[in-house]
Amino acid sequence: MALLEVETLSKHFYEYPALDGLSIEVREGEILGIIGPNGSGKTTLFNCISGTLHPSSGRVRLKGDDITGMSANQVFHRGLARTFQLIQIFPGMTVLENMLMAVQERDGTMLGRLLTREPARVKARAHELLDYLGIDFLHENLASNLSYGQQKLLDFGMALMSKPDVILLDEPLAGVNPTMIQNLVGHIKDLNAKGNTFVVIEHNMEVVMSLCERIIVLSQGQQIAEGMPDEVADNPLVLDAYFGR
Amino acid sequence: MADLIQLLVAGVSIGAIYSMIALGFVLLWQTSNTINFAQGEFVVLPAFVMVFFHLILEWPFLPAFIATIVVSSFLLGWVVRKVLIARLLEQGLLPLIIATIGLALFIRYSLQVFWTPLGLYFPPVFPRVTIQLGSVSLPMEELLNLATAGLIIFAVHLFITRTKIGWGMQAIAQNRPLAAVLGIDVSRLVTLIFILNAALAAVAAILIAPIYLVKYDIGISLGLKAFYAAIIGGFNQIRGAFLGGLLVGVVETLSAAYISNEFRDGYALVILILVLMLKPEGIWGKKEEWA
Amino acid sequence: MTREGLLVRRFVPLLVLCALLVLPLGLEQYKLFVGSLVLVYVIAAIGLNLTLGYAGQISLAHAAFLAFGAYSVAILQPHGIPFELCLLIGAAISFVFGLLIGFPALRVKHHYLAMVTIGFTIIVFLCLRNFPAVTGGSFGIPGIERPDWGVVSFESDRAYYIYTLLWAVPALASAYWIKNSRWGRAFKSIRENEMRAEALGVSLRNYKLMAFAIGAAYAGVAGALFAPLLGYIDPPAFYIERSIQFLLIVVIGGLGRFEGPIIGSIVVVVLPEILRASQGLYLIIFALSIMLMMLFMPKGLIGLWDLFIERFAMPRDASRAHRAAE
């Protein structure tokens with residue numbers, strides 16, 4: 001069974017079809033790459049899945065449950081986490097607080113959150129994750145004081161905190177230097193080996209080809225190709241979409 | 001029936017003046033994210049300045065009028081922009097709001113303490129005669145106020161939509177960073193908008209002074225009315241500020257006549273709340289990005 | 001931060017607070033009245049700091065919430081209902097109306113939200129003025145009595161100061177608790193990055209409603225204590241100027257900082273008293289100070305304390321990164 005699937009999904013902005021009858025499935029344990037020229041609907045796809053936008057038509061299913069049109073926080077509770085194209089952290093809070101914030105709403109009740117503190121193991125996990133990403137030494141710093149690369153890692157770490165079933169990464173390597181790219185790619189591969197499912201939007205072709213087992217190519221809101229990296233790289237439709245007629 | 005028409009004309013007439021005040025307010029918000037809590041005081045100060053030139057120095061009307069506009073534009077446009085706003089824009093919305101509140105208090109109480117806490121009389125700008133149209137008596141003053149305000153708003157509309165500078169202002173209002181990147185001198189245009197706002201407020205002051213008393217504290221309710229008008233009419237369209245002002249003027253006048261004095265404000269308010277609930281971008285406004 | 005620094009940072013504010021709380025007991029009548037007024041304002045400001053400072057929701061409705069508390073006491077107490085019960089009823093009414101205001105807050109932001117809250121304040125004001133049978137209309141309600149427990153009466157200014165203190169301390173303590181709880185963190189996340197907060201499971205609706213409701217409840221408590229302090233209340237005390245006054249208090253003190261409401265209330269209440277000799281001038285000076293402060297110290301007076309900590313309590317080589325987040 002597909003972990004996450006999208007069925008004839010469409011999203012119109014007034015007349016403009018950003019997504020046009022798209023059907024995709026994400027299999028458990030895979031790293032799926034989504035590529036395509038700018039404006040092909042990649043981020044819109046993520047937005048419709050994660051609840052940031054409501055699709056115009058079609059269905060979104062997570063673990064078999066219909067989550068179409070749910071709000072972002074509801075989707076999060078179902079086990080889907082995502083990052084955004086621009087880093088979206090909480091600048092006025094410390095790194096540790098950012099991490100704790102990324103998981104506190106997952107379980108428990110509103111009242112519980114008022115009356116009790118979180119269990120020590122949650123804090124321990126946050127430190128563990130930060131340490132894994134190499135930024136635990138910064139845990140007391142304000143997130144706004146981190147370098148771009150460090151913020152990227154924090155952003156990534158926040159998506160992992162809640163142990164989601166599937167993680168959507170929107171251009172995780174944008175603006176990142178080559179060393180950090182190796183770093184992040186290494187983490188993604190490692191976490192995938194441990195059983196995490198990723199869907200990655202990326203423009204960095206080298207990385208996409210080596211990281212993703214399967215790639216889907218979008219153009220103008222529709223899927224134009226799908227398959228393993230080599231198949232896709234040679235596909236004339238794909239070359240056409242990127243380089244034009 | 002004749003009564004109703006008279007009331008409507010009165011309402012639209014004072015409403016047009018409110019529109020001018022609301023217009024400047026809206027332009028400031030659009031181009032520089034400034035919620036000017038001192039907008040009412042921007043009207044009160046020129047009124048006092050006009051009293052100074054016209055009644056104290058006894059200059060004839062036109063020179064006094066021009067001097068007032070110049071002084072106000074300089075003080076409340078250029079100086080406020082350079083000294084206060086320029087630095088505050090980076091600090092965020094709240095420090096800006098608080099600073100304009102401080103400015104309002106400063107102007108208001110300076111006038112009270114250094115000039116007078118009493119209301120000053122201001123002579124009518126237009127002749128106080130009435131025109132008879134059948135059974136309807138219409139004060140000339142109201143018609144001329146309406147015409148003046150209407151013309152000025154129309155002129156501003158033409159300026160914004162037909163001149164290069166005006167297009168620059170529209171560009172800034174829609175997409176500031178892009179405008180800057182395209183070579184538009186954002187800072188200079190924002191200064192111009194501040195000056196324009198001050199000038200509009202000054203003209204409104206001169207038209208409204210004969211109707212209200214010139215007193216240090218009338219800014220409070222005037223500012224609030226401009227705010228209502230802008231919100232009800234539509235914060236992101238000139239047309240919205242204009243129609244919003246008219247609506248506020250009409251509702252105010254009609255309810256004063258037909259409903260007890262005390263609840264007068266209540267009716268404008270109910271409309272306000274309804275608009276905010278049902279069509280938050282304003283009756284004639286365009287939907288903005290909410291996120 | 002050095003160990004000494006940590007000590008300074010934690011305990012000095014606490015010491016200052018205790019001193020402030022106990023100090024007025026050595027003063028005479030009028031100063032105790034001012035002291036009580038400061039405490040009342042602190043309680044109300046704590047509420048606004050929660051709504052605006054922590055959750056980032058602009059509210060100019062605070063005067064209306066104050067009114068619910070004040071009028072609850074003024075109207076119910078003469079019917080024999082004990083003061084404490086009136087206070088709780090007032091706080092509950094404020095809480096409910098806070099929720100009501102919270103709903104529009106879910107849909108609109110910034111200047112629109114400011115307008116909705118201003119509108120609410122005006123409507124409440126007009127209602128207070130136009131239903132004289134219940135509220136005394138424009139004349140208000142005189143002769144509000146201070147609580148009397150039989151064995152002890154809180155009639156005198158000194159006694160009433162202590163009574164106000166009995167409510168102020170739990171108010172401060174509860175605010176401190178909320179700030180450090182996961183609710184406090186959730187409020188901050190909404191202020192810092194609403195979109196990411198929602199993507200991380202934060203129910204914007206629930207937390208925003210709570211931010212308004214709880215903030216309003218604090219104002220309700222403050223209002224209930226305000227009424228017997230003055231002895232009489234009338235509608236003008238609860239108009240837009242009052243809301244603006246609370247806004248100034250919270251921003252001048254330090255928005256989103258725990259000590260902010262305390263510092264702000266002291267400045268806004270005590271400063272005019274000190275400057276009273278200058279007559280009208282003090283408002284002009286006050287207005288000027290506000291503008292200067294926003295230009296040079298927009299974080300509020302708490303910024304001075306932060307500078308002090310940075311200068312003296314940090315080891316030489318510590319990076320700026322350690323500046324406290326609250």
# chains A, B, ... in the order shown; residues from 1 in each chain; ligands from 1

$ residues_around --residues "Cys212 in chain A" --least-positions-apart "2" --cutoff "9 Å" --atoms "only C-alpha atoms" --output "MDAnalysis selection string"
chainID A and resid 30:33 199:200 207:210 214:215 228:229

$ interface_residues --of "chain A" --to "chain C" --cutoff "8 Å" --atoms "only C-alpha atoms" --output "ChimeraX atom specification"
/A:50,52,72-77,81-82,88-94,97,101-106,113-118,140-142,145

$ residues_around --residues "range 124-133 of chain A" --least-positions-apart "4" --cutoff "7 Å" --atoms "only C-alpha atoms" --output "JSON, numbers by chain"
{"A": [99, 100, 120, 153, 157]}

$ residues_around --residues "Ala219 in chain C" --least-positions-apart "6" --cutoff "6 Å" --atoms "only C-alpha atoms" --output "number ranges by chain"
C: 44, 65-66

$ closest_residue --among "B:Val79, B:Val214, B:Met1, B:Leu243" --to "Pro123 in chain B" --atoms "only C-alpha atoms"
B:Val214

$ closest_atom_pairs --of "chain C" --to "chain B" --cutoff "6 Å" --atoms "only C-alpha atoms" --output "Markdown table"
| residue | atom | partner | partner_atom | distance |
| --- | --- | --- | --- | --- |
| C:Ile284 | CA | B:Phe106 | CA | 5.2 |
| C:Ala287 | CA | B:Gly102 | CA | 4.6 |
| C:Ile290 | CA | B:Gly102 | CA | 5.5 |
| C:Met291 | CA | B:Ala99 | CA | 4.8 |
| C:Met294 | CA | B:Pro95 | CA | 5.5 |

$ residues_around --residues "range 237-243 of chain A" --least-positions-apart "5" --cutoff "12 Å" --atoms "only C-alpha atoms" --output "PyMOL selection string"
chain A and resi 35-40+203+205+215-227+229-232

$ select_by_dssp --residues "range 33-167 of chain B" --states "helix (DSSP H, G or I)" --output "VMD selection string"
chain B and resid 39 to 56 61 to 91 93 to 115 140 to 162 164 to 167

$ atom_distance --atom1 "CA of Leu168 in chain A" --atom2 "CA of Glu213 in chain A"
15.4 Å

$ residues_around --residues "range 176-192 of chain B" --least-positions-apart "6" --cutoff "12 Å" --atoms "only C-alpha atoms" --output "MDAnalysis selection string"
chainID B and resid 24 27:34 73:87 89 160 164:170 198:199

$ atom_distance --atom1 "CA of Leu27 in chain C" --atom2 "CA of Arg158 in chain C"
8.6 Å

$ closest_residue --among "B:Leu143, B:Ala155, B:Val26, B:Ala204" --to "Gly11 in chain B" --atoms "only C-alpha atoms"
B:Leu143

$ select_by_dssp --residues "range 24-194 of chain B" --states "strand (DSSP E or B)" --output "list in words"
Leu120, Thr130, Ile131, Gln132, Leu133, Val136, Ser137, Leu138 and Pro139 of chain B

$ atom_distance --atom1 "CA of Val60 in chain A" --atom2 "CA of Glu171 in chain A"
21.5 Å

$ closest_residue --among "A:Val122, A:Arg27, A:Asp65, A:Gln151" --to "Leu86 in chain A" --atoms "only C-alpha atoms"
A:Gln151

$ closest_residue --among "C:Leu60, C:Ile93, C:Val251, C:Leu32" --to "Thr164 in chain C" --atoms "only C-alpha atoms"
C:Leu32

$ residues_around --residues "Thr68 in chain B" --least-positions-apart "4" --cutoff "8 Å" --atoms "only C-alpha atoms" --output "number ranges by chain"
B: 46, 49-50, 53, 64, 72, 202
